[in-house]
>>> print(open('my_file.csv').read())   # CSV, C-alpha atoms and all ligand atoms
chain,number,residue,atom,x,y,z
P,91,MET,CA,95.7,83.5,113.8
P,92,LEU,CA,95.9,84.1,110.1
P,93,VAL,CA,95.3,87.3,108.1
P,94,ASP,CA,93.9,87.1,104.6
P,95,THR,CA,95.4,90.2,103.0
P,96,HIS,CA,93.3,90.0,99.8
P,97,CYS,CA,89.9,88.5,99.7
P,98,HIS,CA,86.9,89.7,97.6
P,99,LEU,CA,84.2,88.8,100.1
P,100,ASN,CA,81.8,91.2,98.4
P,101,LEU,CA,81.8,89.4,95.1
P,102,PRO,CA,79.7,86.4,94.0
P,103,PRO,CA,79.6,83.6,94.9
P,104,LEU,CA,81.1,84.6,98.3
P,105,ILE,CA,78.7,87.3,99.2
P,106,SER,CA,75.6,85.0,99.0
P,107,GLN,CA,77.0,82.6,101.6
P,108,LEU,CA,79.1,84.9,103.7
P,109,ASP,CA,78.1,83.8,107.2
P,110,GLU,CA,78.8,80.2,106.5
P,111,LEU,CA,82.1,80.9,104.7
P,112,LEU,CA,83.4,83.1,107.5
P,113,LEU,CA,82.4,80.6,110.1
P,114,GLU,CA,84.4,78.0,108.2
P,115,ALA,CA,87.3,80.4,107.9
P,116,ARG,CA,87.3,81.3,111.6
P,117,THR,CA,87.3,77.6,112.4
P,118,ALA,CA,90.4,77.3,110.2
P,119,GLY,CA,92.1,80.1,112.3
P,120,ILE,CA,91.6,83.1,110.0
P,121,GLU,CA,90.4,86.2,111.8
P,122,ARG,CA,91.1,89.2,109.5
P,123,TRP,CA,90.2,89.9,105.9
P,124,ILE,CA,91.4,92.9,103.8
P,125,VAL,CA,88.7,93.3,101.2
P,126,PRO,CA,90.0,95.5,98.3
P,127,ALA,CA,87.6,97.4,96.1
P,128,VAL,CA,87.8,96.9,92.3
P,129,HIS,CA,85.4,99.6,91.1
P,130,PRO,CA,83.8,102.8,92.7
P,131,ASP,CA,80.5,101.0,92.7
P,132,ASP,CA,81.9,98.6,95.3
P,133,TRP,CA,82.8,101.3,97.8
P,134,GLY,CA,79.4,101.6,99.5
P,135,GLN,CA,78.9,97.9,99.8
P,136,LEU,CA,82.4,97.5,101.3
P,137,ALA,CA,81.8,100.1,103.9
P,138,GLN,CA,78.5,98.4,104.8
P,139,LEU,CA,80.3,94.9,105.0
P,140,ALA,CA,83.0,96.3,107.2
P,141,ARG,CA,80.4,97.9,109.6
P,142,THR,CA,78.5,94.7,110.0
P,143,THR,CA,81.1,91.9,109.8
P,144,PRO,CA,83.8,91.5,112.5
P,145,GLY,CA,87.3,91.2,111.2
P,146,VAL,CA,86.5,92.7,107.8
P,147,ARG,CA,88.7,95.6,106.8
P,148,PRO,CA,88.0,97.5,103.6
P,149,ALA,CA,90.5,99.1,101.2
P,150,TYR,CA,89.2,101.6,98.6
P,151,GLY,CA,90.6,102.0,95.1
P,152,ILE,CA,90.1,101.3,91.4
P,153,HIS,CA,91.5,98.3,89.6
P,154,PRO,CA,93.5,99.0,86.4
P,155,LEU,CA,90.9,97.1,84.4
P,156,HIS,CA,88.4,99.9,85.0
P,157,ALA,CA,90.9,102.7,84.1
P,158,ALA,CA,88.9,103.7,80.9
P,159,THR,CA,85.7,104.5,82.9
P,160,VAL,CA,87.3,106.6,85.6
P,161,THR,CA,86.3,110.2,85.9
P,162,ALA,CA,87.9,113.0,87.9
P,163,ASP,CA,84.8,112.8,90.2
P,164,CYS,CA,85.7,109.1,91.0
P,165,LEU,CA,89.2,110.2,92.2
P,166,ALA,CA,87.7,113.1,94.2
P,167,ARG,CA,85.4,110.6,95.9
P,168,LEU,CA,88.3,108.3,96.6
P,169,ASP,CA,90.2,111.1,98.2
P,170,ARG,CA,87.2,111.8,100.5
P,171,ILE,CA,86.7,108.2,101.6
P,172,ALA,CA,90.3,106.9,101.5
P,173,ALA,CA,90.9,107.3,105.2
P,174,GLU,CA,87.9,105.1,106.1
P,175,GLY,CA,89.8,102.2,104.7
P,176,VAL,CA,93.0,100.4,105.9
P,177,ALA,CA,94.8,100.8,102.5
P,178,ILE,CA,94.4,102.0,98.9
P,179,GLY,CA,93.6,99.1,96.6
P,180,GLU,CA,93.6,97.3,94.5
P,181,ILE,CA,95.6,99.5,92.2
P,182,GLY,CA,98.3,98.9,89.7
P,183,LEU,CA,99.0,97.9,86.1
P,184,ASP,CA,97.7,95.0,84.0
P,185,GLY,CA,99.7,94.4,80.8
P,186,THR,CA,97.2,91.9,79.5
P,187,PHE,CA,94.3,94.2,79.1
P,188,GLY,CA,93.1,97.7,78.3
P,189,ASN,CA,94.8,101.1,77.7
P,190,GLN,CA,98.2,101.2,79.4
P,191,TYR,CA,98.5,105.0,79.3
P,192,LEU,CA,95.1,105.4,81.1
P,193,GLN,CA,96.1,102.7,83.6
P,194,GLU,CA,99.3,104.4,84.5
P,195,GLN,CA,97.6,107.8,84.9
P,196,LEU,CA,95.0,106.2,87.3
P,197,PHE,CA,97.8,104.3,89.1
P,198,ARG,CA,99.8,107.4,89.7
P,199,ALA,CA,96.8,109.4,90.9
P,200,GLN,CA,95.9,106.7,93.4
P,201,LEU,CA,99.5,106.4,94.6
P,202,ARG,CA,99.3,110.1,95.3
P,203,ILE,CA,96.1,109.7,97.3
P,204,ALA,CA,97.7,107.0,99.3
P,205,SER,CA,100.6,109.3,100.0
P,206,THR,CA,98.3,112.2,101.0
P,207,HIS,CA,96.5,110.0,103.6
P,208,ASP,CA,99.6,108.0,104.6
P,209,LEU,CA,97.9,104.7,103.6
P,210,PRO,CA,99.7,101.6,102.4
P,211,VAL,CA,98.9,100.3,98.9
P,212,LEU,CA,97.6,96.9,97.6
P,213,ILE,CA,99.3,96.4,94.2
P,214,HIS,CA,97.8,94.4,91.3
P,215,CYS,CA,100.5,93.7,88.7
P,216,ARG,CA,100.1,91.4,85.8
P,217,ARG,CA,102.7,91.2,83.0
P,218,ALA,CA,103.9,94.7,83.9
P,219,ILE,CA,106.4,94.3,86.7
P,220,GLY,CA,109.1,96.5,85.3
P,221,ARG,CA,106.8,99.4,84.6
P,222,THR,CA,105.0,98.9,87.9
P,223,ILE,CA,108.3,99.2,89.8
P,224,GLU,CA,109.3,102.3,87.8
P,225,VAL,CA,106.1,104.1,88.5
P,226,MET,CA,106.1,103.1,92.2
P,227,ARG,CA,109.7,104.3,92.6
P,228,ALA,CA,108.9,107.6,90.8
P,229,GLU,CA,105.9,108.2,93.0
P,230,GLY,CA,107.8,107.5,96.2
P,231,VAL,CA,105.8,104.5,97.3
P,232,ALA,CA,108.4,103.6,99.9
P,233,THR,CA,107.1,106.2,102.3
P,234,VAL,CA,103.7,104.4,102.6
P,235,GLY,CA,104.7,100.8,101.8
P,236,GLY,CA,102.3,98.1,100.9
P,237,ILE,CA,101.6,94.7,99.6
P,238,MET,CA,102.3,93.1,96.2
P,239,HIS,CA,99.1,91.1,95.8
P,240,ALA,CA,99.4,87.5,94.5
P,241,PHE,CA,103.1,88.0,93.7
P,242,SER,CA,104.4,85.5,91.1
P,243,GLY,CA,107.5,87.3,89.7
P,244,SER,CA,111.2,86.4,89.9
P,245,CYS,CA,113.5,86.7,92.9
P,246,GLU,CA,115.0,89.8,91.3
P,247,SER,CA,111.6,91.5,91.0
P,248,ALA,CA,110.9,90.4,94.6
P,249,ARG,CA,114.0,92.2,95.8
P,250,ASP,CA,113.1,95.3,93.8
P,251,CYS,CA,109.7,95.3,95.6
P,252,LEU,CA,111.3,94.9,99.0
P,253,ARG,CA,113.6,97.8,98.3
P,254,LEU,CA,110.4,99.9,97.8
P,255,ASN,CA,109.1,98.9,101.3
P,256,LEU,CA,106.6,96.4,99.9
P,257,VAL,CA,106.1,92.9,101.1
P,258,LEU,CA,105.0,90.0,98.9
P,259,SER,CA,101.6,88.3,99.3
P,260,ILE,CA,101.6,84.6,98.6
P,261,SER,CA,98.4,83.1,97.2
P,262,GLY,CA,97.2,79.6,96.5
P,263,VAL,CA,99.3,79.6,93.3
P,264,VAL,CA,102.2,78.4,95.4
P,265,THR,CA,100.4,75.1,95.9
P,266,ARG,CA,100.6,74.3,92.1
P,267,PRO,CA,103.3,71.8,91.3
P,268,GLY,CA,104.3,73.9,88.3
P,269,ALA,CA,104.8,77.1,90.4
P,270,VAL,CA,108.6,76.4,90.7
P,271,ARG,CA,109.7,80.0,90.4
P,272,LEU,CA,107.3,81.2,93.1
P,273,GLN,CA,108.3,78.4,95.4
P,274,GLN,CA,111.9,79.4,94.9
P,275,VAL,CA,111.0,83.0,95.8
P,276,CYS,CA,109.4,81.7,99.0
P,277,ARG,CA,112.5,79.7,99.9
P,278,GLU,CA,114.9,82.6,99.2
P,279,LEU,CA,113.1,85.4,101.0
P,280,SER,CA,112.8,85.8,104.7
P,281,LEU,CA,109.4,84.8,106.1
P,282,GLN,CA,109.1,88.3,107.6
P,283,GLN,CA,108.8,89.6,104.0
P,284,LEU,CA,105.8,87.5,103.1
P,285,VAL,CA,102.1,87.7,103.9
P,286,LEU,CA,99.2,85.4,102.8
P,287,GLU,CA,96.1,85.8,100.8
P,288,THR,CA,93.4,83.8,99.1
P,289,ASP,CA,92.2,86.3,96.4
P,290,ALA,CA,88.9,84.3,96.8
P,291,PRO,CA,86.9,83.6,94.8
P,292,ASP,CA,89.9,83.4,92.4
P,293,LEU,CA,93.2,81.5,92.7
P,294,THR,CA,91.9,78.3,94.2
P,295,PRO,CA,94.7,76.2,95.8
P,296,PHE,CA,95.7,73.2,93.6
P,297,THR,CA,94.8,70.9,96.5
P,298,ARG,CA,91.1,71.9,96.1
P,299,GLY,CA,90.6,71.2,92.4
P,300,GLN,CA,88.7,73.4,89.9
P,301,THR,CA,86.1,75.2,92.0
P,302,SER,CA,85.8,78.7,93.3
P,303,ASN,CA,88.1,79.6,96.1
P,304,ARG,CA,86.9,79.9,99.7
P,305,PRO,CA,88.3,82.0,102.6
P,306,ALA,CA,89.1,78.9,104.7
P,307,TRP,CA,91.5,77.6,102.2
P,308,LEU,CA,94.1,80.2,103.2
P,309,SER,CA,95.3,77.4,105.5
P,310,ASP,CA,96.4,75.4,102.4
P,311,THR,CA,98.7,78.2,101.4
P,312,ALA,CA,100.0,78.5,105.0
P,313,THR,CA,100.7,74.8,105.0
P,314,ALA,CA,102.5,75.0,101.6
P,315,LEU,CA,104.6,78.0,102.9
P,316,ALA,CA,105.5,76.2,106.1
P,317,GLU,CA,106.8,73.2,104.0
P,318,LEU,CA,108.9,75.5,101.8
P,319,LYS,CA,110.4,77.3,104.8
P,320,GLY,CA,110.9,74.2,106.9
P,321,CYS,CA,109.0,75.7,109.8
P,322,THR,CA,105.7,75.1,111.6
P,323,ILE,CA,102.3,76.4,110.4
P,324,GLU,CA,102.1,78.3,113.7
P,325,GLU,CA,105.3,80.1,112.8
P,326,VAL,CA,103.9,81.0,109.4
P,327,ALA,CA,100.7,82.2,111.0
P,328,HIS,CA,102.4,84.3,113.7
P,329,THR,CA,105.1,85.8,111.4
P,330,THR,CA,102.8,86.6,108.4
P,331,SER,CA,100.2,88.1,110.7
P,332,ALA,CA,102.7,90.3,112.4
P,333,THR,CA,104.0,91.5,109.0
P,334,ALA,CA,100.4,92.2,107.8
P,335,HIS,CA,99.9,94.3,111.0
P,336,ARG,CA,103.2,96.1,110.5
P,337,VAL,CA,102.5,97.0,106.9
P,338,VAL,CA,98.8,97.8,107.3
P,339,GLY,CA,98.8,99.7,110.6
P,340,ARG,CA,95.0,100.0,110.8
P,341,LEU,CA,94.4,96.3,110.3
P,401,ZN,ZN,91.9,91.0,93.7
>>> encode(input="my_file.csv", output="C-alpha cells")
Amino acid sequence: MLVDTHCHLNLPPLISQLDELLLEARTAGIERWIVPAVHPDDWGQLAQLARTTPGVRPAYGIHPLHAATVTADCLARLDRIAAEGVAIGEIGLDGTFGNQYLQEQLFRAQLRIASTHDLPVLIHCRRAIGRTIEVMRAEGVATVGGIMHAFSGSCESARDCLRLNLVLSISGVVTRPGAVRLQQVCRELSLQQLVLETDAPDLTPFTRGQTSNRPAWLSDTATALAELKGCTIEEVAHTTSATAHRVVGRL
C-alpha cells in the first residue's frame, strides 16, 4: 500500500471526477491521501471530504501565498479546528511571491498552533530554504516533526531538515531527466527518511506528459524511487508508508 502525503483532491479538475480518480488510485495500490488546505475557505470542504471518502485525511492550514489576506480571526479558527486534522498544512515560505514579512508572521503563528496541538507540519518551501530552516529551528519544529512537501533542495538542505525531525516528500519531479540534484538526494538519503506525494493536480510525472496530475500516478514516483535506491517497488511502498504513519501519527 502507498500513502500520498500531499494531494489536493478538493481542487479542480480532481474534485469533479473524484470517485473515478480514487478508484483508479486504489487499483494502483494507493490507500491514503493527506489533503492539505491552502486557504481558510477550503476547511469546510475538506472536513466534508474526509467524512465521506474512505482514506482521505485532512490537514488544516494557510498557504504562504494567502498571507496578505489572513486575519486574526482565521488563526483563531485554525486553532479551534486544528485537532480535527492529521497535521497543520500546508504552511511555509514562498520566496517567489508576496510579502515575505507577512508570510513569516503567518508561518510562525501556524508553527505555534501545531506545537500547541502536538500536530506534525506539512511545509511548503520555494526559493526560501535557508530562512524556512531558520524559522523552523527558532520555533522548535523538531518537537512535532513533519514533512517537507515536494522537496527539491540540495543534500545539505536535506540534512538540515532531517536534523529538525522532518522527512522529505518526493514528488513526480524526480521522474524528470533534468532533476539530477533531487535524484542524488534520493540516492544519498536512507529510504526511511523519504515519503511520497503527487501534489496532484500539479507536478505531473515526466512519464505522463503535459497534463494535469492524477492520484494514481503516485506509482510512477514510487517506481522511479525504487530504481534510484536499487530496491523493489514493494520495499518503497512498505518503507515510505511506515514513515508516513510514524511522522503523521493520526494517519
Ligand atoms: Zn500543495
>>> closest_residue(input="my_file.csv", among="P:Leu104, P:Leu308, P:Leu99, P:Leu315", to="ligand ZN 401 (chain P)", atoms="all atoms listed in the file")
P:Leu99
>>> residues_near_ligand(input="my_file.csv", ligand="ligand ZN 401 (chain P)", cutoff="7 Å", atoms="all atoms listed in the file", output="list in words")
His96, Cys97, His98, Pro126, Glu180 and Asp289 of chain P
>>> closest_residue(input="my_file.csv", among="P:Ile237, P:Ala290, P:Val176, P:Leu113", to="Ala140 (chain P)", atoms="all atoms listed in the file")
P:Val176
>>> closest_residue(input="my_file.csv", among="P:Val234, P:Ile223, P:Ile213, P:Leu136", to="Ser259 (chain P)", atoms="all atoms listed in the file")
P:Ile213
>>> closest_residue(input="my_file.csv", among="P:Gly151, P:Gly236, P:Pro267, P:Gly188", to="Glu174 (chain P)", atoms="all atoms listed in the file")
P:Gly151
>>> residues_near_point(input="my_file.csv", point="(96.0, 98.7, 78.6)", cutoff="6 Å", atoms="all atoms listed in the file", output="PyMOL selection string")
chain P and resi 187-190
>>> residues_near_point(input="my_file.csv", point="(95.8, 104.5, 104.7)", cutoff="6 Å", atoms="all atoms listed in the file", output="PyMOL selection string")
chain P and resi 173+176-177+207-210
>>> write_last_selection(input="my_file.csv", atoms="C-alpha atoms", output="compact mmCIF listing (two decimals), in the coordinates of the input")
# COMPACT_ATOMS: atom_id res chain seq x y z
CA ALA P 173 90.90 107.30 105.20
CA VAL P 176 93.00 100.40 105.90
CA ALA P 177 94.80 100.80 102.50
CA HIS P 207 96.50 110.00 103.60
CA ASP P 208 99.60 108.00 104.60
CA LEU P 209 97.90 104.70 103.60
CA PRO P 210 99.70 101.60 102.40
>>> atom_distance(input="my_file.csv", atom1="CA of Ser247 (chain P)", atom2="CA of Ser309 (chain P)")
26.0 Å
